[in-house]
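What follows is the content of final-v2.txt (compact mmCIF, C-alpha atoms and all ligand atoms).
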# COMPACT_ATOMS: atom_id res chain seq x y z
CA MET A 1 16.16 -11.55 19.52
CA ARG A 2 15.11 -14.23 17.01
CA VAL A 3 11.61 -13.90 15.71
CA THR A 4 9.92 -16.26 13.30
CA CYS A 5 7.37 -15.35 10.68
CA GLU A 6 4.61 -17.09 12.62
CA GLN A 7 5.00 -14.41 15.27
CA TYR A 8 4.54 -11.56 12.83
CA PRO A 9 1.14 -9.86 12.72
CA LYS A 10 -1.21 -11.93 10.58
CA THR A 11 -3.29 -9.10 9.16
CA VAL A 12 -1.57 -5.84 8.36
CA MET A 13 -2.50 -2.70 6.48
CA VAL A 14 -0.03 -0.22 5.09
CA LEU A 15 -0.82 3.48 4.62
CA GLY A 16 1.27 6.29 3.27
CA PRO A 17 1.31 9.00 0.60
CA SER A 18 2.57 8.25 -2.92
CA GLY A 19 6.33 8.54 -2.92
CA CYS A 20 6.77 7.16 0.60
CA GLY A 21 8.04 3.88 -0.84
CA LYS A 22 5.40 1.70 0.78
CA ASP A 23 5.26 -0.80 -2.07
CA THR A 24 9.01 -1.32 -1.97
CA GLN A 25 8.75 -1.86 1.79
CA ILE A 26 5.88 -4.31 1.37
CA ASP A 27 7.97 -6.28 -1.14
CA LEU A 28 10.88 -6.39 1.31
CA LEU A 29 8.58 -7.66 4.02
CA ILE A 30 7.14 -10.30 1.67
CA SER A 31 10.65 -11.55 0.85
CA LYS A 32 11.01 -12.15 4.58
CA CYS A 33 7.60 -13.47 5.56
CA GLU A 34 5.50 -14.57 2.57
CA TYR A 35 2.74 -12.08 3.14
CA GLN A 36 0.03 -12.09 0.51
CA LYS A 37 -0.26 -8.55 -0.82
CA ILE A 38 -3.77 -7.26 -1.38
CA GLY A 39 -4.48 -3.93 -3.07
CA THR A 40 -7.43 -2.25 -4.72
CA GLY A 41 -5.70 -1.46 -8.02
CA GLU A 42 -5.10 -5.11 -8.84
CA MET A 43 -8.58 -5.99 -7.56
CA PHE A 44 -10.31 -3.47 -9.85
CA ARG A 45 -8.29 -4.55 -12.90
CA SER A 46 -8.65 -8.29 -12.34
CA LEU A 47 -12.37 -8.35 -11.58
CA TYR A 48 -12.95 -6.18 -14.64
CA LYS A 49 -11.01 -8.66 -16.79
CA GLU A 50 -12.98 -11.53 -15.29
CA LYS A 51 -16.13 -9.58 -16.19
CA THR A 52 -17.83 -10.09 -12.82
CA LYS A 53 -20.93 -7.94 -12.32
CA SER A 54 -19.38 -5.66 -9.70
CA GLY A 55 -16.05 -5.68 -11.55
CA LEU A 56 -17.75 -4.23 -14.62
CA ALA A 57 -19.73 -1.73 -12.54
CA ALA A 58 -16.58 -0.44 -10.84
CA TYR A 59 -14.80 -0.05 -14.17
CA LYS A 60 -17.17 2.79 -15.11
CA TYR A 61 -15.64 4.81 -12.27
CA TRP A 62 -11.96 3.95 -12.01
CA SER A 63 -11.37 3.92 -15.78
CA LYS A 64 -12.26 7.62 -15.74
CA GLY A 65 -10.17 8.28 -12.64
CA GLU A 66 -13.33 8.62 -10.54
CA TRP A 67 -13.91 7.43 -7.01
CA VAL A 68 -15.49 3.96 -6.84
CA PRO A 69 -18.39 4.20 -4.34
CA ASP A 70 -17.78 2.52 -0.96
CA LYS A 71 -20.65 0.07 -1.26
CA LEU A 72 -19.42 -1.20 -4.60
CA THR A 73 -15.78 -1.33 -3.47
CA PHE A 74 -16.73 -3.57 -0.56
CA GLU A 75 -18.78 -5.82 -2.83
CA LEU A 76 -15.61 -6.28 -4.85
CA PHE A 77 -13.62 -7.02 -1.71
CA GLU A 78 -16.04 -9.81 -0.85
CA GLU A 79 -15.32 -11.48 -4.18
CA TRP A 80 -11.65 -10.66 -4.19
CA LEU A 81 -10.61 -11.90 -0.75
CA LYS A 82 -11.84 -15.40 -1.59
CA LYS A 83 -8.80 -15.69 -3.86
CA TYR A 84 -6.35 -15.49 -0.98
CA GLU A 85 -5.18 -18.25 1.32
CA VAL A 86 -6.75 -17.79 4.72
CA ALA A 87 -3.85 -19.54 6.47
CA LYS A 88 -1.30 -17.06 5.14
CA PRO A 89 -0.54 -13.62 6.56
CA TRP A 90 -2.19 -10.80 4.60
CA ILE A 91 -0.86 -7.33 3.96
CA PHE A 92 -3.24 -4.74 2.57
CA SER A 93 -1.90 -1.76 0.67
CA GLN A 94 -3.90 1.41 1.24
CA VAL A 95 -7.30 -0.26 1.03
CA VAL A 96 -9.10 1.85 3.63
CA ARG A 97 -9.43 5.26 2.03
CA THR A 98 -11.87 7.14 4.24
CA ALA A 99 -12.71 7.19 7.95
CA GLU A 100 -16.14 5.74 7.09
CA GLN A 101 -14.48 2.66 5.61
CA VAL A 102 -12.62 1.77 8.83
CA HIS A 103 -15.60 0.03 10.42
CA LYS A 104 -16.73 -1.57 7.15
CA PHE A 105 -13.28 -3.03 6.75
CA ASP A 106 -13.35 -4.51 10.27
CA LEU A 107 -16.66 -6.21 9.46
CA LEU A 108 -15.26 -7.57 6.23
CA LEU A 109 -12.26 -9.08 8.00
CA GLU A 110 -14.54 -10.64 10.60
CA LYS A 111 -16.07 -12.75 7.84
CA TYR A 112 -12.63 -14.26 7.33
CA ASP A 113 -12.19 -14.78 11.03
CA ARG A 114 -9.44 -12.22 11.32
CA SER A 115 -8.95 -8.71 12.56
CA LEU A 116 -6.48 -5.97 11.77
CA ASP A 117 -3.42 -6.62 13.95
CA CYS A 118 -1.52 -3.53 12.99
CA VAL A 119 -1.47 -0.59 10.62
CA ILE A 120 1.87 0.65 9.37
CA TYR A 121 1.86 4.33 8.42
CA PHE A 122 4.81 5.51 6.35
CA LYS A 123 5.12 9.16 7.27
CA LEU A 124 6.39 11.67 4.76
CA SER A 125 5.91 15.44 4.63
CA GLU A 126 4.14 16.97 1.66
CA GLU A 127 7.38 18.58 0.43
CA ALA A 128 9.32 15.34 0.70
CA ALA A 129 6.57 13.42 -1.07
CA ILE A 130 6.53 15.93 -3.95
CA ASP A 131 10.29 15.69 -4.21
CA ARG A 132 10.20 11.88 -4.32
CA MET A 133 7.43 11.74 -6.88
CA SER A 134 8.99 14.26 -9.22
CA THR A 135 12.05 12.01 -9.37
CA ARG A 136 10.00 8.91 -10.14
CA ARG A 137 10.41 7.17 -13.47
CA ILE A 138 8.56 4.27 -14.96
CA CYS A 139 9.30 1.74 -17.69
CA PRO A 140 6.59 2.09 -20.37
CA LYS A 141 7.18 -1.53 -21.43
CA CYS A 142 7.13 -3.63 -18.23
CA GLY A 143 5.81 -1.11 -15.70
CA ALA A 144 8.82 -1.36 -13.36
CA ASP A 145 9.22 1.78 -11.26
CA TYR A 146 12.41 3.62 -10.39
CA ASN A 147 13.51 6.78 -8.68
CA ILE A 148 16.48 8.69 -10.06
CA LYS A 149 17.46 9.60 -6.49
CA TYR A 150 16.31 6.73 -4.29
CA LYS A 151 15.91 3.63 -6.44
CA LYS A 152 18.23 4.05 -9.38
CA PRO A 153 18.28 1.69 -12.35
CA LYS A 154 21.59 -0.11 -12.93
CA MET A 155 22.19 1.95 -16.05
CA LYS A 156 21.12 5.59 -16.09
CA GLY A 157 17.74 6.20 -17.73
CA VAL A 158 17.00 2.64 -18.85
CA CYS A 159 15.02 -0.26 -17.39
CA ASP A 160 16.95 -3.09 -15.69
CA ASN A 161 14.56 -5.69 -17.07
CA ASP A 162 14.36 -4.81 -20.74
CA GLY A 163 16.57 -1.80 -21.52
CA GLU A 164 13.57 0.41 -22.37
CA ILE A 165 14.00 4.20 -21.93
CA LEU A 166 12.37 5.30 -18.64
CA VAL A 167 9.70 8.03 -18.65
CA THR A 168 7.87 10.34 -16.24
CA ARG A 169 4.19 9.50 -15.89
CA ASP A 170 1.71 12.29 -16.67
CA ASP A 171 0.29 12.13 -13.18
CA ASP A 172 3.79 12.61 -11.74
CA LYS A 173 3.90 16.19 -13.00
CA PRO A 174 4.19 18.70 -10.07
CA GLU A 175 0.66 20.17 -10.18
CA ALA A 176 -1.04 16.78 -10.39
CA ILE A 177 1.18 15.53 -7.56
CA ARG A 178 0.28 18.41 -5.25
CA GLU A 179 -3.44 18.01 -5.88
CA ARG A 180 -3.36 14.28 -5.14
CA LEU A 181 -1.32 14.76 -1.97
CA VAL A 182 -3.60 17.43 -0.52
CA GLU A 183 -6.50 15.05 -1.09
CA PHE A 184 -4.58 12.14 0.42
CA PHE A 185 -3.63 13.92 3.65
CA LYS A 186 -7.15 15.28 4.09
CA LYS A 187 -8.65 11.80 3.87
CA THR A 188 -5.91 9.84 5.60
CA ALA A 189 -5.26 11.97 8.70
CA PRO A 190 -8.55 10.91 10.37
CA ILE A 191 -7.93 7.24 9.50
CA VAL A 192 -4.49 7.36 11.09
CA GLU A 193 -6.02 8.94 14.22
CA ILE A 194 -8.59 6.16 14.53
CA TYR A 195 -5.94 3.43 14.36
CA LYS A 196 -3.72 5.33 16.78
CA GLU A 197 -6.58 5.42 19.28
CA LYS A 198 -7.13 1.70 18.78
CA GLY A 199 -3.48 1.22 19.72
CA ILE A 200 -2.54 -0.67 16.55
CA LEU A 201 -0.63 2.03 14.67
CA ILE A 202 3.07 1.76 13.83
CA GLU A 203 4.47 5.02 12.44
CA ILE A 204 7.58 4.83 10.30
CA ASP A 205 9.63 7.79 9.14
CA SER A 206 10.01 7.48 5.36
CA THR A 207 12.89 9.91 4.90
CA PRO A 208 15.90 7.54 5.40
CA SER A 209 17.19 5.06 2.79
CA ILE A 210 15.12 2.05 1.69
CA GLU A 211 17.28 -0.35 3.72
CA GLU A 212 17.18 1.85 6.84
CA ILE A 213 13.39 2.13 6.66
CA HIS A 214 13.17 -1.66 6.31
CA GLN A 215 15.36 -2.20 9.37
CA ASN A 216 13.35 0.33 11.40
CA LEU A 217 10.16 -1.43 10.38
CA LEU A 218 11.52 -4.83 11.45
CA LYS A 219 12.53 -3.36 14.82
CA ASP A 220 9.06 -1.95 15.36
CA LEU A 221 7.44 -5.23 14.35
CA GLU A 222 9.65 -7.03 16.87
CA LYS A 223 8.49 -4.58 19.51
CA TRP A 224 4.92 -5.34 18.44
CA ILE A 225 5.62 -9.08 18.87
CA MET A 226 7.17 -8.54 22.30
CA THR A 227 4.22 -6.57 23.63
CA ARG A 228 1.82 -9.25 22.36
CA LYS A 229 3.81 -11.99 24.11
CA LYS A 230 3.44 -10.50 27.58
ZN ZN B 301 11.04 -2.50 -18.27

Transcribe the structure of this file into structure tokens.
Amino acid sequence: MRVTCEQYPKTVMVLGPSGCGKDTQIDLLISKCEYQKIGTGEMFRSLYKEKTKSGLAAYKYWSKGEWVPDKLTFELFEEWLKKYEVAKPWIFSQVVRTAEQVHKFDLLLEKYDRSLDCVIYFKLSEEAAIDRMSTRRICPKCGADYNIKYKKPKMKGVCDNDGEILVTRDDDKPEAIRERLVEFFKKTAPIVEIYKEKGILIEIDSTPSIEEIHQNLLKDLEKWIMTRKK
């Protein structure tokens, strides 16, 4: 079957625990379909740098690793989404973080005359996620991320871009990882259930190789396209 990018879902959200490789998969999808990637991390940092009122207010929370209140987060979204091209397909990375935000997010999208077409959930068990994260390495200079098992640099232990020695981030230490994951699954399980009930959930097993996961995702998106065509 030949599918074109115009047939792909126009508004997508990706969910999955750290270590599931969702950002790598989003990048692969973008290289195929020119999705515009939208995430909260970049939003918080950029609006802080631009010194917008809500950007500065949110900084007080996230700079200390604290939860940015829902109301404020959605105020930031309102500002942030204006920067994206409405005609292009959008892919959100992990922006809905609690069950309460599901409805708020729908309302927000309505303002842009779109609705969530599908949610891709990259499934990974807690053990597998811990394993993946403990093998993660990052370049302290350019921020590129690697995995000594799954996404190896060309030369062992150094960054492909600049030759810098790769390091383990502090929050990739086992205890910190476990704590974050427990929190993630507790909050995300109800969100996944809601989207499953809405019939827009695509679940992808994140245990195979990066390329295999990508191919499985494309197959499932084709299935999504076929059911929409009928
Ligand atoms: Zn680097």

Once you count all atoms listed in the file, which residues end up within 8 Å of ligand ZN 301 (chain B), and could you hand them over as a ChimeraX atom specification? /A:138-144,158-164,166

Can you pull out the residues contacting A:Pro17? Cut-off 8 Å, using only C-alpha atoms, and skip same-chain residues under 3 positions away; I want them as a short mmCIF file (atom, residue, chain, number, x, y, z; two decimals) with C-alpha atoms, in the coordinates of the input.
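Generated file (selection-v3.cif):
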data_model
loop_
_atom_site.label_atom_id
_atom_site.label_comp_id
_atom_site.auth_asym_id
_atom_site.auth_seq_id
_atom_site.Cartn_x
_atom_site.Cartn_y
_atom_site.Cartn_z
CA CYS A 20 6.77 7.16 0.60
CA PHE A 122 4.81 5.51 6.35
CA LYS A 123 5.12 9.16 7.27
CA LEU A 124 6.39 11.67 4.76
CA ALA A 129 6.57 13.42 -1.07
CA LEU A 181 -1.32 14.76 -1.97
CA PHE A 184 -4.58 12.14 0.42
CA PHE A 185 -3.63 13.92 3.65
#

Exercise: residues within 10 Å of coordinate (-5.1, 3.8, -6.4), counting all atoms listed in the file, as JSON, numbers by chain: {"A": [18, 39, 40, 41, 42, 44, 62, 65, 67, 93, 94, 95, 97]}

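Distances here use only C-alpha atoms; by that measure, the residue among A:Ser46, A:Asn216, A:Ser125, A:Thr52 closest to A:Glu203 is A:Asn216.
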
Coordinates-based distance that separates atom CA of A:Met43 from atom CA of A:Asp117 (Å, one decimal): 22.1 Å

Give as a VMD selection string every residue, naming chains and numbers as the document does, that has an atom within 9 Å of (-2.3, -10.4, 4.1), counting only C-alpha atoms. chain A and resid 10 to 13 34 to 38 84 to 86 88 to 92

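Between A:Asp205 and the candidates A:Lys152, A:Ala189, A:Tyr121, A:Phe105, the tightest atom-to-atom separation, counting all atoms listed in the file, involves A:Tyr121.
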
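Atom pair atom CA of A:Gln25 / atom CA of A:Ile204: separated by 10.9 Å.
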
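Atom pair atom CA of A:Met133 / atom CA of A:Asp220: separated by 26.2 Å.
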
Expected axis-aligned box over every listed atom of stretch 2-21 of chain A, 6 Å added per side, centre plus edges in Å to one decimal, as lines of an AutoDock Vina configuration file:
center_x = 5.9
center_y = -4.0
center_z = 7.0
size_x = 30.4
size_y = 38.1
size_z = 31.9

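Among the candidates A:Ser54, A:Tyr112, A:Val192, A:Lys64, the residue lying nearest to A:Leu81 is A:Tyr112 (atoms considered: all atoms listed in the file).
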
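Remark: for A:Ala128, the closest of the candidate residues A:Ile177, A:Val102, A:Leu29, A:Val3 is A:Ile177 (distances computed over all atoms listed in the file).
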
Nearest residue to A:Pro174 from the set A:Arg132, A:Lys186, A:Lys198, A:Arg228 (distances using all atoms listed in the file): A:Arg132

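Comparing A:Met226, A:Leu218, A:Ile210, A:Ile165 by their smallest distance to A:Asp23, the closest is A:Ile210 (using all atoms listed in the file).
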